[in-house]
>>> print(open('start-v4.pdb').read())   # PDB, C-alpha atoms
ATOM      1  CA  MET A  24       0.000   0.000   0.000  1.00  0.00           C
ATOM      2  CA  THR A  25       2.760   2.468   0.989  1.00  0.00           C
ATOM      3  CA  THR A  26       4.816   1.580  -2.091  1.00  0.00           C
ATOM      4  CA  ARG A  27       1.811   2.168  -4.327  1.00  0.00           C
ATOM      5  CA  CYS A  28       1.155   5.625  -2.784  1.00  0.00           C
ATOM      6  CA  LEU A  29       4.822   6.515  -3.089  1.00  0.00           C
ATOM      7  CA  LEU A  30       4.871   5.430  -6.736  1.00  0.00           C
ATOM      8  CA  HIS A  31       1.744   7.501  -7.410  1.00  0.00           C
ATOM      9  CA  ALA A  32       3.294  10.580  -5.748  1.00  0.00           C
ATOM     10  CA  CYS A  33       6.499  10.185  -7.787  1.00  0.00           C
ATOM     11  CA  LEU A  34       4.512   9.889 -11.008  1.00  0.00           C
ATOM     12  CA  VAL A  35       2.519  13.045 -10.215  1.00  0.00           C
ATOM     13  CA  LEU A  36       5.735  14.927  -9.386  1.00  0.00           C
ATOM     14  CA  LEU A  37       7.399  13.761 -12.603  1.00  0.00           C
ATOM     15  CA  LEU A  38       4.443  14.796 -14.751  1.00  0.00           C
ATOM     16  CA  SER A  39       4.079  18.184 -13.071  1.00  0.00           C
ATOM     17  CA  THR A  40       7.802  18.875 -13.563  1.00  0.00           C
ATOM     18  CA  LYS A  41       7.556  17.938 -17.246  1.00  0.00           C
ATOM     19  CA  ILE A  42       4.478  20.167 -17.748  1.00  0.00           C
ATOM     20  CA  SER A  43       6.182  23.032 -15.910  1.00  0.00           C
ATOM     21  CA  PHE A  44       9.310  22.623 -18.065  1.00  0.00           C
ATOM     22  CA  ARG A  45       7.252  22.770 -21.278  1.00  0.00           C
ATOM     23  CA  LEU A  46       5.432  25.897 -20.111  1.00  0.00           C
ATOM     24  CA  CYS A  47       8.781  27.517 -19.357  1.00  0.00           C
ATOM     25  CA  THR A  48      10.321  26.649 -22.722  1.00  0.00           C
ATOM     26  CA  MET A  49       7.391  28.328 -24.486  1.00  0.00           C
ATOM     27  CA  LEU A  50       7.271  31.235 -22.039  1.00  0.00           C
ATOM     28  CA  HIS A  51       8.360  33.873 -24.554  1.00  0.00           C
ATOM     29  CA  VAL A  52       5.501  32.938 -26.907  1.00  0.00           C
ATOM     30  CA  GLN A  53       2.927  33.053 -24.105  1.00  0.00           C
ATOM     31  CA  GLN A  54       4.404  36.269 -22.741  1.00  0.00           C
ATOM     32  CA  ASN A  55       4.266  37.981 -26.159  1.00  0.00           C
ATOM     33  CA  LYS A  56       0.615  37.036 -26.507  1.00  0.00           C
ATOM     34  CA  MET A  57      -0.267  38.228 -23.019  1.00  0.00           C
ATOM     35  CA  ASN A  58       1.670  41.486 -23.511  1.00  0.00           C
ATOM     36  CA  LYS A  59      -0.332  42.222 -26.639  1.00  0.00           C
ATOM     37  CA  GLU A  60      -3.622  41.449 -24.871  1.00  0.00           C
ATOM     38  CA  SER A  61      -2.621  43.605 -21.883  1.00  0.00           C
ATOM     39  CA  LEU A  62      -1.751  46.554 -24.120  1.00  0.00           C
ATOM     40  CA  GLU A  63      -5.079  46.244 -25.952  1.00  0.00           C
ATOM     41  CA  LEU A  64      -6.967  46.188 -22.649  1.00  0.00           C
ATOM     42  CA  LEU A  65      -5.001  49.187 -21.362  1.00  0.00           C
ATOM     43  CA  GLN A  66      -5.950  51.146 -24.480  1.00  0.00           C
ATOM     44  CA  LYS A  67      -9.580  50.088 -24.187  1.00  0.00           C
ATOM     45  CA  MET A  68      -9.705  50.977 -20.479  1.00  0.00           C
ATOM     46  CA  SER A  69      -8.865  54.630 -20.656  1.00  0.00           C
ATOM     47  CA  GLY A  70      -9.281  55.895 -24.202  1.00  0.00           C
ATOM     48  CA  ASN A  71      -7.515  59.120 -25.191  1.00  0.00           C
ATOM     49  CA  PHE A  72      -5.433  61.235 -22.836  1.00  0.00           C
ATOM     50  CA  PRO A  73      -7.717  64.050 -21.561  1.00  0.00           C
ATOM     51  CA  SER A  74      -6.576  67.557 -22.504  1.00  0.00           C
ATOM     52  CA  GLN A  75      -7.216  68.821 -18.943  1.00  0.00           C
ATOM     53  CA  CYS A  76      -4.445  66.482 -17.734  1.00  0.00           C
ATOM     54  CA  ILE A  77      -1.650  67.733 -20.008  1.00  0.00           C
ATOM     55  CA  ASN A  78      -0.376  70.306 -17.495  1.00  0.00           C
ATOM     56  CA  GLU A  79      -0.305  67.700 -14.709  1.00  0.00           C
ATOM     57  CA  LYS A  80       1.738  65.250 -16.794  1.00  0.00           C
ATOM     58  CA  ALA A  81       4.921  67.172 -15.996  1.00  0.00           C
ATOM     59  CA  ALA A  82       4.251  66.708 -12.273  1.00  0.00           C
ATOM     60  CA  PHE A  83       5.264  63.038 -12.331  1.00  0.00           C
ATOM     61  CA  LYS A  84       9.028  62.688 -12.546  1.00  0.00           C
ATOM     62  CA  PRO A  85      10.191  59.400 -11.056  1.00  0.00           C
ATOM     63  CA  THR A  86      13.786  59.157  -9.856  1.00  0.00           C
ATOM     64  CA  GLN A  87      13.863  55.579 -11.130  1.00  0.00           C
ATOM     65  CA  ASN A  88      12.929  54.827 -14.712  1.00  0.00           C
ATOM     66  CA  ALA A  89      11.751  51.275 -15.308  1.00  0.00           C
ATOM     67  CA  VAL A  90      12.316  51.604 -19.069  1.00  0.00           C
ATOM     68  CA  GLU A  91      16.042  52.119 -18.433  1.00  0.00           C
ATOM     69  CA  LEU A  92      16.332  48.902 -16.432  1.00  0.00           C
ATOM     70  CA  SER A  93      19.176  46.816 -17.840  1.00  0.00           C
ATOM     71  CA  VAL A  94      18.980  43.074 -17.460  1.00  0.00           C
ATOM     72  CA  SER A  95      21.891  40.940 -18.558  1.00  0.00           C
ATOM     73  CA  GLN A  96      20.694  37.342 -18.317  1.00  0.00           C
ATOM     74  CA  LYS A  97      17.656  35.375 -19.413  1.00  0.00           C
ATOM     75  CA  GLU A  98      16.860  34.304 -15.848  1.00  0.00           C
ATOM     76  CA  ASN A  99      17.120  37.903 -14.649  1.00  0.00           C
ATOM     77  CA  ALA A 100      14.742  38.952 -17.427  1.00  0.00           C
ATOM     78  CA  LYS A 101      12.145  36.528 -16.066  1.00  0.00           C
ATOM     79  CA  VAL A 102      12.547  37.926 -12.565  1.00  0.00           C
ATOM     80  CA  ALA A 103      12.303  41.509 -13.858  1.00  0.00           C
ATOM     81  CA  ILE A 104       9.154  40.739 -15.869  1.00  0.00           C
ATOM     82  CA  GLN A 105       7.562  38.944 -12.922  1.00  0.00           C
ATOM     83  CA  GLU A 106       8.364  41.816 -10.551  1.00  0.00           C
ATOM     84  CA  ILE A 107       7.074  44.479 -12.961  1.00  0.00           C
ATOM     85  CA  LEU A 108       3.845  42.550 -13.548  1.00  0.00           C
ATOM     86  CA  GLN A 109       3.366  42.057  -9.786  1.00  0.00           C
ATOM     87  CA  GLU A 110       3.816  45.772  -9.162  1.00  0.00           C
ATOM     88  CA  ILE A 111       1.447  46.675 -12.016  1.00  0.00           C
ATOM     89  CA  PHE A 112      -1.093  44.269 -10.514  1.00  0.00           C
ATOM     90  CA  ASN A 113      -0.683  45.987  -7.138  1.00  0.00           C
ATOM     91  CA  ILE A 114      -1.170  49.441  -8.683  1.00  0.00           C
ATOM     92  CA  PHE A 115      -4.282  48.283 -10.523  1.00  0.00           C
ATOM     93  CA  SER A 116      -5.724  46.990  -7.262  1.00  0.00           C
ATOM     94  CA  LYS A 117      -5.980  50.582  -5.981  1.00  0.00           C
ATOM     95  CA  ASN A 118      -8.832  53.076  -5.828  1.00  0.00           C
ATOM     96  CA  PHE A 119     -10.372  53.564  -9.299  1.00  0.00           C
ATOM     97  CA  THR A 120     -13.402  55.644  -8.275  1.00  0.00           C
ATOM     98  CA  GLN A 121     -12.319  58.756 -10.171  1.00  0.00           C
ATOM     99  CA  SER A 122     -10.685  57.067 -13.138  1.00  0.00           C
ATOM    100  CA  ALA A 123     -13.908  56.530 -15.129  1.00  0.00           C
ATOM    101  CA  TRP A 124     -12.239  53.585 -16.834  1.00  0.00           C
ATOM    102  CA  ASP A 125     -14.051  50.574 -18.227  1.00  0.00           C
ATOM    103  CA  GLY A 126     -14.514  48.259 -15.227  1.00  0.00           C
ATOM    104  CA  THR A 127     -14.814  45.084 -17.301  1.00  0.00           C
ATOM    105  CA  SER A 128     -11.500  45.814 -19.001  1.00  0.00           C
ATOM    106  CA  ILE A 129      -9.849  46.488 -15.645  1.00  0.00           C
ATOM    107  CA  VAL A 130     -11.002  43.104 -14.318  1.00  0.00           C
ATOM    108  CA  ARG A 131      -9.830  41.314 -17.494  1.00  0.00           C
ATOM    109  CA  PHE A 132      -6.514  43.167 -17.320  1.00  0.00           C
ATOM    110  CA  GLN A 133      -6.005  42.150 -13.669  1.00  0.00           C
ATOM    111  CA  ARG A 134      -6.922  38.542 -14.452  1.00  0.00           C
ATOM    112  CA  GLY A 135      -4.399  38.458 -17.309  1.00  0.00           C
ATOM    113  CA  LEU A 136      -1.692  39.946 -15.095  1.00  0.00           C
ATOM    114  CA  TYR A 137      -2.411  37.354 -12.419  1.00  0.00           C
ATOM    115  CA  GLN A 138      -2.088  34.510 -14.948  1.00  0.00           C
ATOM    116  CA  GLN A 139       1.205  35.896 -16.244  1.00  0.00           C
ATOM    117  CA  ILE A 140       2.571  36.253 -12.719  1.00  0.00           C
ATOM    118  CA  GLN A 141       1.583  32.674 -11.866  1.00  0.00           C
ATOM    119  CA  ARG A 142       3.301  31.283 -14.992  1.00  0.00           C
ATOM    120  CA  LEU A 143       6.473  33.219 -14.323  1.00  0.00           C
ATOM    121  CA  GLU A 144       6.530  32.173 -10.665  1.00  0.00           C
ATOM    122  CA  ALA A 145       6.166  28.525 -11.693  1.00  0.00           C
ATOM    123  CA  CYS A 146       9.067  28.836 -14.131  1.00  0.00           C
ATOM    124  CA  LEU A 147      11.223  30.620 -11.592  1.00  0.00           C
ATOM    125  CA  ARG A 148      10.477  27.928  -9.002  1.00  0.00           C
ATOM    126  CA  THR A 149      11.528  25.282 -11.521  1.00  0.00           C
ATOM    127  CA  GLN A 150      14.747  27.167 -12.246  1.00  0.00           C
ATOM    128  CA  MET A 151      15.521  27.606  -8.557  1.00  0.00           C
ATOM    129  CA  GLU A 152      15.017  23.892  -8.024  1.00  0.00           C
ATOM    130  CA  LYS A 153      17.564  23.303 -10.792  1.00  0.00           C
ATOM    131  CA  GLU A 154      19.751  25.980  -9.167  1.00  0.00           C
ATOM    132  CA  LEU A 155      19.832  28.089 -12.327  1.00  0.00           C
ATOM    133  CA  THR A 156      18.625  31.180 -10.477  1.00  0.00           C
ATOM    134  CA  ASN A 157      19.707  32.292  -7.061  1.00  0.00           C
ATOM    135  CA  PRO A 158      16.986  34.583  -5.634  1.00  0.00           C
ATOM    136  CA  GLU A 159      19.537  36.236  -3.369  1.00  0.00           C
ATOM    137  CA  SER A 160      22.044  37.167  -6.065  1.00  0.00           C
ATOM    138  CA  GLU A 161      23.061  40.816  -6.147  1.00  0.00           C
ATOM    139  CA  ASP A 162      21.777  41.300  -9.699  1.00  0.00           C
ATOM    140  CA  LEU A 163      18.319  40.000  -8.837  1.00  0.00           C
ATOM    141  CA  GLN A 164      18.140  42.054  -5.654  1.00  0.00           C
ATOM    142  CA  HIS A 165      19.194  45.176  -7.555  1.00  0.00           C
ATOM    143  CA  ILE A 166      16.556  44.584 -10.237  1.00  0.00           C
ATOM    144  CA  THR A 167      13.849  43.940  -7.654  1.00  0.00           C
ATOM    145  CA  GLN A 168      14.783  47.024  -5.632  1.00  0.00           C
ATOM    146  CA  ARG A 169      14.772  49.311  -8.691  1.00  0.00           C
ATOM    147  CA  VAL A 170      11.374  48.052  -9.841  1.00  0.00           C
ATOM    148  CA  LYS A 171       9.880  48.358  -6.347  1.00  0.00           C
ATOM    149  CA  LYS A 172      11.221  51.901  -5.915  1.00  0.00           C
ATOM    150  CA  TYR A 173       9.804  52.963  -9.278  1.00  0.00           C
ATOM    151  CA  PHE A 174       6.364  51.619  -8.413  1.00  0.00           C
ATOM    152  CA  GLN A 175       6.484  53.116  -4.928  1.00  0.00           C
ATOM    153  CA  GLU A 176       6.873  56.483  -6.652  1.00  0.00           C
ATOM    154  CA  ILE A 177       3.871  55.737  -8.874  1.00  0.00           C
ATOM    155  CA  ASP A 178       1.845  54.729  -5.825  1.00  0.00           C
ATOM    156  CA  ALA A 179       2.890  57.882  -3.948  1.00  0.00           C
ATOM    157  CA  PHE A 180       1.921  60.007  -6.972  1.00  0.00           C
ATOM    158  CA  LEU A 181      -1.553  58.441  -7.043  1.00  0.00           C
ATOM    159  CA  LYS A 182      -2.008  59.032  -3.306  1.00  0.00           C
ATOM    160  CA  GLU A 183      -0.744  62.633  -3.478  1.00  0.00           C
ATOM    161  CA  ASN A 184      -3.230  63.324  -6.247  1.00  0.00           C
ATOM    162  CA  GLN A 185      -6.027  61.488  -4.431  1.00  0.00           C
ATOM    163  CA  TYR A 186      -6.388  58.920  -7.213  1.00  0.00           C
ATOM    164  CA  SER A 187      -7.735  61.607  -9.547  1.00  0.00           C
ATOM    165  CA  LEU A 188      -8.626  61.023 -13.184  1.00  0.00           C
ATOM    166  CA  CYS A 189      -5.494  62.875 -14.316  1.00  0.00           C
ATOM    167  CA  ALA A 190      -3.255  60.944 -11.925  1.00  0.00           C
ATOM    168  CA  TRP A 191      -4.598  57.664 -13.288  1.00  0.00           C
ATOM    169  CA  GLN A 192      -4.122  58.853 -16.872  1.00  0.00           C
ATOM    170  CA  ILE A 193      -0.486  59.714 -16.157  1.00  0.00           C
ATOM    171  CA  VAL A 194       0.020  56.347 -14.476  1.00  0.00           C
ATOM    172  CA  HIS A 195      -1.631  54.730 -17.497  1.00  0.00           C
ATOM    173  CA  VAL A 196       1.067  56.249 -19.729  1.00  0.00           C
ATOM    174  CA  GLU A 197       3.776  54.973 -17.363  1.00  0.00           C
ATOM    175  CA  ILE A 198       2.281  51.474 -17.395  1.00  0.00           C
ATOM    176  CA  LEU A 199       2.278  51.513 -21.198  1.00  0.00           C
ATOM    177  CA  ARG A 200       5.997  52.335 -21.026  1.00  0.00           C
ATOM    178  CA  CYS A 201       6.457  49.402 -18.657  1.00  0.00           C
ATOM    179  CA  PHE A 202       4.916  47.072 -21.228  1.00  0.00           C
ATOM    180  CA  VAL A 203       7.411  48.355 -23.794  1.00  0.00           C
ATOM    181  CA  LEU A 204      10.139  47.264 -21.380  1.00  0.00           C
ATOM    182  CA  ILE A 205       8.405  43.923 -20.792  1.00  0.00           C
ATOM    183  CA  ASP A 206       8.374  43.406 -24.579  1.00  0.00           C
ATOM    184  CA  LYS A 207      12.134  44.050 -24.720  1.00  0.00           C
ATOM    185  CA  LEU A 208      12.744  41.680 -21.825  1.00  0.00           C
ATOM    186  CA  THR A 209      10.465  39.047 -23.372  1.00  0.00           C
ATOM    187  CA  SER A 210      12.526  39.084 -26.561  1.00  0.00           C
ATOM    188  CA  ARG A 211      15.505  37.977 -24.433  1.00  0.00           C
ATOM    189  CA  LEU A 212      13.565  34.928 -23.285  1.00  0.00           C
ATOM    190  CA  SER A 213      13.525  33.498 -26.822  1.00  0.00           C
ATOM    191  CA  ASN A 214      17.326  33.685 -27.218  1.00  0.00           C
TER     192      ASN A 214
END
>>> encode(input="start-v4.pdb", output="structure tokens")
Amino acid sequence: MTTRCLLHACLVLLLSTKISFRLCTMLHVQQNKMNKESLELLQKMSGNFPSQCINEKAAFKPTQNAVELSVSQKENAKVAIQEILQEIFNIFSKNFTQSAWDGTSIVRFQRGLYQQIQRLEACLRTQMEKELTNPESEDLQHITQRVKKYFQEIDAFLKENQYSLCAWQIVHVEILRCFVLIDKLTSRLSN
């Protein structure tokens, strides 16, 4: 009885590892598709940039620029993408009462982000098990810290502006820029 249960557990573990490995090898294809869908939803959510917000756009000047984030290795690119998506998810879990954005698109956008984050976390777990990625390496910590600081500034900007329509529109532009970076990082995953 014990041998049979142990054999069953080993078989399940083997199959889940194989499935996880396949998902990770095709990650760049899935990520490209999800990036495109996320960008389409972002555009659908907010429409055109309101003219009354143009003067406020200059008010947001982050000290960290996510688009300038340099990532040298494929594994680091995965960590950077995962961290950026997690922070975007956190931002889009904030107060939307004044944004007047399409609620259905926001929910779909959040759901897509969550799925992307889960896939990346599964791949990173697999890599860590194979010891390809050390979560405490200096490069990974530096990447994570820069991304977190950038998004803390976005969060502070939203709070300072009381989650106003213009604040959300400016953040929307920043998030679009983040997806440009995610696209660049995703292209490294296919190499």
>>> atom_distance(input="start-v4.pdb", atom1="atom CA of A:Leu181", atom2="atom CA of A:Val194")
7.9 Å
>>> atom_distance(input="start-v4.pdb", atom1="atom CA of A:Arg148", atom2="atom CA of A:Lys172")
24.2 Å
>>> resolve_selection(input="start-v4.pdb", expression="the PyMOL selection byres ((chain A and resi 68-85) around 10)", output="short mmCIF file (atom, residue, chain, number, x, y, z; two decimals) with C-alpha atoms, in the coordinates of the input")
data_model
loop_
_atom_site.label_atom_id
_atom_site.label_comp_id
_atom_site.auth_asym_id
_atom_site.auth_seq_id
_atom_site.Cartn_x
_atom_site.Cartn_y
_atom_site.Cartn_z
CA LEU A 62 -1.75 46.55 -24.12
CA GLU A 63 -5.08 46.24 -25.95
CA LEU A 64 -6.97 46.19 -22.65
CA LEU A 65 -5.00 49.19 -21.36
CA GLN A 66 -5.95 51.15 -24.48
CA LYS A 67 -9.58 50.09 -24.19
CA THR A 86 13.79 59.16 -9.86
CA GLN A 87 13.86 55.58 -11.13
CA ASN A 88 12.93 54.83 -14.71
CA ALA A 89 11.75 51.28 -15.31
CA SER A 122 -10.68 57.07 -13.14
CA ALA A 123 -13.91 56.53 -15.13
CA TRP A 124 -12.24 53.58 -16.83
CA ASP A 125 -14.05 50.57 -18.23
CA GLY A 126 -14.51 48.26 -15.23
CA THR A 127 -14.81 45.08 -17.30
CA SER A 128 -11.50 45.81 -19.00
CA ILE A 129 -9.85 46.49 -15.64
CA PHE A 132 -6.51 43.17 -17.32
CA LYS A 172 11.22 51.90 -5.92
CA TYR A 173 9.80 52.96 -9.28
CA PHE A 174 6.36 51.62 -8.41
CA GLN A 175 6.48 53.12 -4.93
CA GLU A 176 6.87 56.48 -6.65
CA ILE A 177 3.87 55.74 -8.87
CA PHE A 180 1.92 60.01 -6.97
CA LEU A 181 -1.55 58.44 -7.04
CA ASN A 184 -3.23 63.32 -6.25
CA LEU A 188 -8.63 61.02 -13.18
CA CYS A 189 -5.49 62.88 -14.32
CA ALA A 190 -3.26 60.94 -11.92
CA TRP A 191 -4.60 57.66 -13.29
CA GLN A 192 -4.12 58.85 -16.87
CA ILE A 193 -0.49 59.71 -16.16
CA VAL A 194 0.02 56.35 -14.48
CA HIS A 195 -1.63 54.73 -17.50
CA VAL A 196 1.07 56.25 -19.73
CA GLU A 197 3.78 54.97 -17.36
#
>>> atom_distance(input="start-v4.pdb", atom1="atom CA of A:Ile205", atom2="atom CA of A:Val130")
20.5 Å
>>> closest_residue(input="start-v4.pdb", among="A:Asn58, A:His51, A:His165, A:Tyr186", to="A:Ser116", atoms="all atoms listed in the file")
A:Tyr186
>>> closest_residue(input="start-v4.pdb", among="A:Ile198, A:Val52, A:Ile140, A:Leu147", to="A:Ile114", atoms="only C-alpha atoms")
A:Ile198
>>> closest_residue(input="start-v4.pdb", among="A:Asn99, A:Lys56, A:Gly135, A:Phe115", to="A:Ser160", atoms="all atoms listed in the file")
A:Asn99
>>> axis_aligned_box(input="start-v4.pdb", around="stretch 78-82 of chain A", padding_each_side="5 Å", output="JSON")
{"center_x": 2.3, "center_y": 67.8, "center_z": -14.9, "size_x": 15.3, "size_y": 15.1, "size_z": 15.2}
